[in-house]
Every structure is written in structure tokens, then in C-alpha cells.
Amino acid sequence: MHERILYVRLPCNPIFPIGVVYLADHVHKVFPEVTQEIFDLGVVPPLDYHKALSCKIDEFQPTLLLYSWRDIQVYAPVGGRAGNPLQNAFEFFYSPDLLVKAQAALGGLRLTYDYYSELWRNLGLIRLGSEKARQYHPRARVVIGGGAVSVFYEQLGPQVPRGTIISVGEGELLLEKLLRHESIASERCYVAGEAKPRPHLIDEKPTELVKTAVDYSYIETIWSDLGYYLGGDFYIGVQTKRGCPHNCIYCIYTVVEGKRVRVNPADEVVHEMRQLYDRGIRNFWFTDAQFIPSKLYIPGCIELLEKIKTSGMKDIHWAAYIRADNVTPEVAKLMAETGMNYFEIGITSGSQKLIRKMRLGYNLRVVLENARGLKAAGYNDLVSVNYSFNVIGETLETIRETITYHRELEAIFGRDNVDPAIFFIGLQPHTGLEEYALKNHILDPNYNPMEMTPWSARKLLWNPEPLGSFLGEVCLEAWQKNPNDFGRTVMDLLEARLGCAPLEQALTAPVEEPSDRPLAGTTR
């Protein structure tokens, strides 16, 4: 039977679907005879989702239907898909105004309705595609994968059609085996209704794979909506490596992508960028979990940036998540010279004590030194610094340390160039934070991480007492005063209430007390 693969990107925010592109490119290189098409529901009007998918399956008649599902959890820090879940939750839990509480309750009902509507809609699209595809090919197979599926693979099994293959993490080698009609028992997947997922499936190591540049001449022939992304102001994703070696207690990347970092050849990355550049793209987002995961990968980043510098792509901009403690003077110079105009630092806290407790592996003193070096190298653009208040061990004193650390970053880059992104951690399955919550009876062992109710949201959106109410009130005041500059306003209000700690105090972490050790020893 001649194989025909239809990739269906389920609706989500307009972000370039790099995962689907990489899968289709890989299949074409290994199986050039296979017919493929990419169908992106992200560019289809919502009222037309079901009709458009039905028509596409009638037209294409796939033998293999692959769904990419990016988002499920809605605990966004600001600007969620259905409003602002954080603001809504905080108004309901912490506002002293009964009218505001009532409005927030109604808002919560709308958010809950929108959340479950999205969930049921996507499950309905999967059922629709499965049934339609099997009208043309009774043995047609269905695979679901993507970020949402990798996180909630255990919960999705009972909700999708029997026989659906649920894929965790990377899918290239799984597709190879499906197309060769080989056993998939050793892959990070399971078949819904026929088997249960292996224990700790998500913790299994991904298989090694050497990544080559996407052939965009081919992708253009199978994706009619590629121009939607090429013609806008999007940052187009390019991956330079996979995997993350760190153990951040709340992060899922390290288990989804694996701890072993696999670096894509620099020449292949530049070739992929050049193809996009020749099609008019000037903005690139390096989609790695971290662009420089550790000092071990600094030489590879230098090689890549040097090759970008000599590639002839003179007017580009790029952005990435970057561990700033690994930005050497040479790297800083190349970053400025190659057009980096935005980067994110996920330090979580400006207190070295909490950095250690959350197992982030940052040295905040080195981050400041490297920030000064980046500024000296000519970087004058935006830095987004992610802070998650009320993490485990947070006190008023560690908040004061975070404020003073942030002020030091502002002194280096300028207040307008440092954007404090205020997050409250969304507790996710398969993380150290979930393990901590279960061990400390914060979560019930049988809890459902996909449940969306006020009582579950209060636990999964991590903001416990005794600081929860205080931080909730500060955030509410910031939304009232300046919702368009929420992060900076939160920092100003906290400083007005608490003041700043000495910088040296923020940068110092004494040896942990014995009571801290169980958390530090928690592993996955």
C-alpha cells in the first residue's frame, strides 16, 4: 500500500509549527516515495475546523494521520488564550472587593468553559479524523504527539479512539518503524485501548538522531499555508540542539527531550536559516530548551555564531532562551555581531539560596558578570527575566533579594530594556515539583492534572500560603495601576513595601540546613 501521511496541527496560538515541519522533512529524506501533506488548523477560522478537516481528509485520503497538539494547560502568567487566567484566579482568591470576586467567579466559569471546550473540540477533531480516514483505508493509523501529549500522555489514553498511538517526545524514529511496519514496542509510545503506558515512559532516553537542514523547497510543495508564516512578522523556529542536562524542579523539558544534549551540525543549521533567509525571513528563534545549556557547549555555539556571521545574512535578528552564566566575552561579542535582539533568562529568583533549592544550577554572580560583558560587547536590546515568586522556601527576605538583583540588571541594561516576566509556576506531571507536592500531601495521589476547577487551580497554580495572599494583593494592585507594564509595576510595589536586601546577600547561598536536604535530593 502506498503510504500517505497527513499532518494535522491542532488549533493553537500562531506559532511556527516547527515540530511538524521537522517530522515531514525527516520522513521525506528516509522515504522519498511517501506522499505527505501538512494541514495547519491554526490558520483556519474556528467555526470551520471540523468542516475543513473533513474536507481535507476526503481530498487527501491518508493512510497515516498524525496530530500535533501543542497546548493544554492554561495557567498562563498573563494574556492567556481565553483571557488572563492568573489575574482571574487572583481576583477570585485575594480581592477584598465582593463585586470583583463575583466578576472573577463569572470569569472563572468562562475560562473553565473555554478550557473544556478546547479540550473536547480537539478530542472531537481526533475522533473525526480517525473515523474519516478509516472510511478510505480501514487499516489507517492515527498518531497523536506534541508538547501537550508528552505532558499528559497518561490522561489522554482513555479519551482518544482505541488504536490511537500516543507518542511521547520525539517522533522521527517512531514514524520510521510505522512506515516499515516494524514493532514500535521499544519506542516512547503506547496504543490507546490496547496497552497501558510503561511506568516512567516519559523518563526513557530518546534515541540518538543526527539532524540535517530542512529542505524547504520540499516543504513548500506539501504545505500550502507556509506563506502565512513567511509573510508575517513571526520569529521562525530553528533548532540547534535537543535535550537539557539540568534538573530544574518544575521543568518538563529535561524529561521530554532527555538529559543528553544532541547538537545539530552548525553547517546544517546555517543552511536551514539560509533557505528561510532567501524566502524573506529575517527573524529567527532558536527553539532549544537552552541555547547554551552548559559550558561544555560553548565551543559549539561559538562555531555556529561564527558561521552565521560569515554566511552573508547581515540583516537578521535572532532570539533564544539563554543561560546567561555561560555567556563568555567571545560569545557575547558574537551574539551582538550576529543580530541577537532579544533573549530570555529563566532564573526564577534573584536569591542564590532559592536558585540552589530549586536545583536550577545558576550562579547569579556569574550571570551579572556576563550581563555586564554582553552590554560592553554592544548589546542594547530587550532582556526578559522570568521570576516565579513564592517558590519553595520563599520568604520576605528572599523577595527583597530578588528585587535588589533585578535592580542590578536594570543598572546594567537600562530599566526599559529589562522586562520582568512574573510567573507563578504551573505544576505539571513528571516534574520534581509534582513529586514534592505528592510527598508533602499537597496533592492527592489520584489527582487529575487536566482538571480545571477553582480548587484544583489553586494547587496547580503554585502560590501557597503564607505568602500567597500577600503576593496576590500585590499583583492585583499592579493590574489596577498599570496592566500594560505588569512586571515592572509588581517590582516597584514590592520594593515600596519591602525594600531591597544588600546585593551581596542575594548572591550568597550558605550551606543548606538538614531540613532542606530532602528537596535537594529529589530526582527523576
# chains A, B, ... in the order shown; residues from 1 in each chain; ligands from 1
$ residues_around --residues "Asp203 (chain A)" --least-positions-apart "6" --cutoff "10 Å" --atoms "only C-alpha atoms" --output "PyMOL selection string"
chain A and resi 168+188+254-259+430+524
$ write_last_selection --atoms "C-alpha atoms" --output "tab-separated table (two decimals), in the first residue's frame"
chain	number	residue	atom	x	y	z
A	168	VAL	CA	5.93	10.98	23.86
A	188	ARG	CA	8.33	6.08	23.66
A	254	THR	CA	14.54	17.65	30.69
A	255	VAL	CA	12.36	14.54	30.66
A	256	VAL	CA	10.58	15.16	27.35
A	257	GLU	CA	13.78	15.89	25.39
A	258	GLY	CA	16.17	13.88	27.56
A	259	LYS	CA	19.19	14.95	29.57
A	430	HIS	CA	6.53	14.18	35.79
A	524	ARG	CA	13.52	11.98	38.50
$ select_by_dssp --residues "region 269-341 of chain A" --states "strand (DSSP E)" --output "VMD selection string"
chain A and resid 283 to 286 317 to 321 340 to 341
$ write_last_selection --atoms "N, CA and C atoms" --output "tab-separated table (two decimals), in the first residue's frame"
chain	number	residue	atom	x	y	z
A	283	ASN	N	13.82	37.15	11.00
A	283	ASN	CA	13.71	36.93	12.43
A	283	ASN	C	13.70	35.43	12.74
A	284	PHE	N	14.64	34.99	13.56
A	284	PHE	CA	14.78	33.57	13.89
A	284	PHE	C	14.71	33.37	15.40
A	285	TRP	N	14.08	32.27	15.78
A	285	TRP	CA	14.04	31.87	17.19
A	285	TRP	C	14.70	30.50	17.30
A	286	PHE	N	15.79	30.43	18.05
A	286	PHE	CA	16.43	29.15	18.29
A	286	PHE	C	15.62	28.41	19.35
A	317	HIS	N	17.82	39.12	12.76
A	317	HIS	CA	17.71	39.17	14.20
A	317	HIS	C	17.41	37.77	14.70
A	318	TRP	N	17.88	37.46	15.91
A	318	TRP	CA	17.55	36.17	16.47
A	318	TRP	C	17.35	36.30	17.97
A	319	ALA	N	16.67	35.30	18.52
A	319	ALA	CA	16.35	35.29	19.95
A	319	ALA	C	16.37	33.86	20.45
A	320	ALA	N	16.46	33.69	21.77
A	320	ALA	CA	16.54	32.34	22.34
A	320	ALA	C	16.41	32.42	23.86
A	321	TYR	N	16.14	31.25	24.46
A	321	TYR	CA	16.35	31.09	25.90
A	321	TYR	C	17.85	30.88	26.11
A	340	MET	N	21.50	39.23	17.65
A	340	MET	CA	20.59	38.90	18.74
A	340	MET	C	19.93	40.17	19.25
A	341	ASN	N	18.60	40.19	19.28
A	341	ASN	CA	17.90	41.39	19.73
A	341	ASN	C	16.89	41.11	20.84
$ closest_atom_pairs --of "region 439-512 of chain A" --to "region 135-155 of chain A" --cutoff "10 Å" --atoms "only C-alpha atoms" --output "Markdown table"
| residue | atom | partner | partner_atom | distance |
| --- | --- | --- | --- | --- |
| A:Asn448 | CA | A:Gln155 | CA | 7.8 |
| A:Pro449 | CA | A:Phe152 | CA | 7.9 |
| A:Met450 | CA | A:Gln155 | CA | 7.5 |
$ select_by_dssp --residues "region 283-466 of chain A" --states "alpha helix (DSSP H)" --output "PyMOL selection string"
chain A and resi 298-309+329-337+352-357+364-376+396-413+432-439+454-460
$ closest_residue --among "A:Val100, A:Leu65, A:Leu230, A:Leu360" --to "Leu276 (chain A)" --atoms "only C-alpha atoms"
A:Leu230
$ closest_atom_pairs --of "region 390-422 of chain A" --to "region 459-480 of chain A" --cutoff "9 Å" --atoms "only C-alpha atoms" --output "Markdown table"
| residue | atom | partner | partner_atom | distance |
| --- | --- | --- | --- | --- |
| A:Asn390 | CA | A:Asn463 | CA | 5.8 |
| A:Val391 | CA | A:Trp462 | CA | 7.6 |
| A:Glu394 | CA | A:Leu467 | CA | 8.1 |
| A:Thr395 | CA | A:Leu467 | CA | 7.6 |
| A:Leu396 | CA | A:Leu467 | CA | 8.2 |
$ write_last_selection --atoms "all heavy atoms" --output "compact mmCIF listing (two decimals), in the first residue's frame"
# COMPACT_ATOMS: atom_id res chain seq x y z
N ASN A 390 7.24 32.99 45.20
CA ASN A 390 6.62 32.01 46.10
C ASN A 390 6.99 30.57 45.75
O ASN A 390 6.20 29.65 45.96
CB ASN A 390 5.09 32.16 46.13
CG ASN A 390 4.53 31.78 47.49
OD1 ASN A 390 5.26 31.48 48.43
ND2 ASN A 390 3.21 31.78 47.59
N VAL A 391 8.20 30.39 45.21
CA VAL A 391 8.69 29.03 45.04
C VAL A 391 9.01 28.44 46.41
O VAL A 391 8.93 29.13 47.43
CB VAL A 391 9.94 29.00 44.13
CG1 VAL A 391 9.59 29.45 42.73
CG2 VAL A 391 11.06 29.85 44.72
N GLU A 394 10.50 30.35 49.68
CA GLU A 394 10.43 31.81 49.55
C GLU A 394 10.06 32.45 50.88
O GLU A 394 9.22 31.95 51.63
CB GLU A 394 9.36 32.18 48.51
CG GLU A 394 9.30 33.66 48.17
CD GLU A 394 10.27 34.05 47.06
OE1 GLU A 394 9.90 33.95 45.89
OE2 GLU A 394 11.41 34.46 47.41
N THR A 395 10.72 33.58 51.19
CA THR A 395 10.42 34.38 52.37
C THR A 395 10.41 35.84 51.95
O THR A 395 10.80 36.19 50.82
CB THR A 395 11.48 34.19 53.47
OG1 THR A 395 12.75 34.69 52.97
CG2 THR A 395 11.62 32.72 53.86
N LEU A 396 10.01 36.73 52.85
CA LEU A 396 10.07 38.15 52.53
C LEU A 396 11.51 38.58 52.27
O LEU A 396 11.77 39.46 51.43
CB LEU A 396 9.47 38.97 53.68
CG LEU A 396 7.97 38.76 53.93
CD1 LEU A 396 7.51 39.62 55.10
CD2 LEU A 396 7.15 39.09 52.68
$ residues_around --residues "His271 (chain A)" --least-positions-apart "4" --cutoff "12 Å" --atoms "only C-alpha atoms" --output "list of chain:residue names"
A:Thr212, A:Ala213, A:Val214, A:Asp215, A:Tyr216, A:Val238, A:Thr240, A:Asn264, A:Pro265, A:Ala266, A:Asp267, A:Gln275, A:Leu276, A:Tyr277, A:Asp278, A:Leu304, A:Lys307, A:Ile308, A:Ser311, A:Gly312, A:Met313
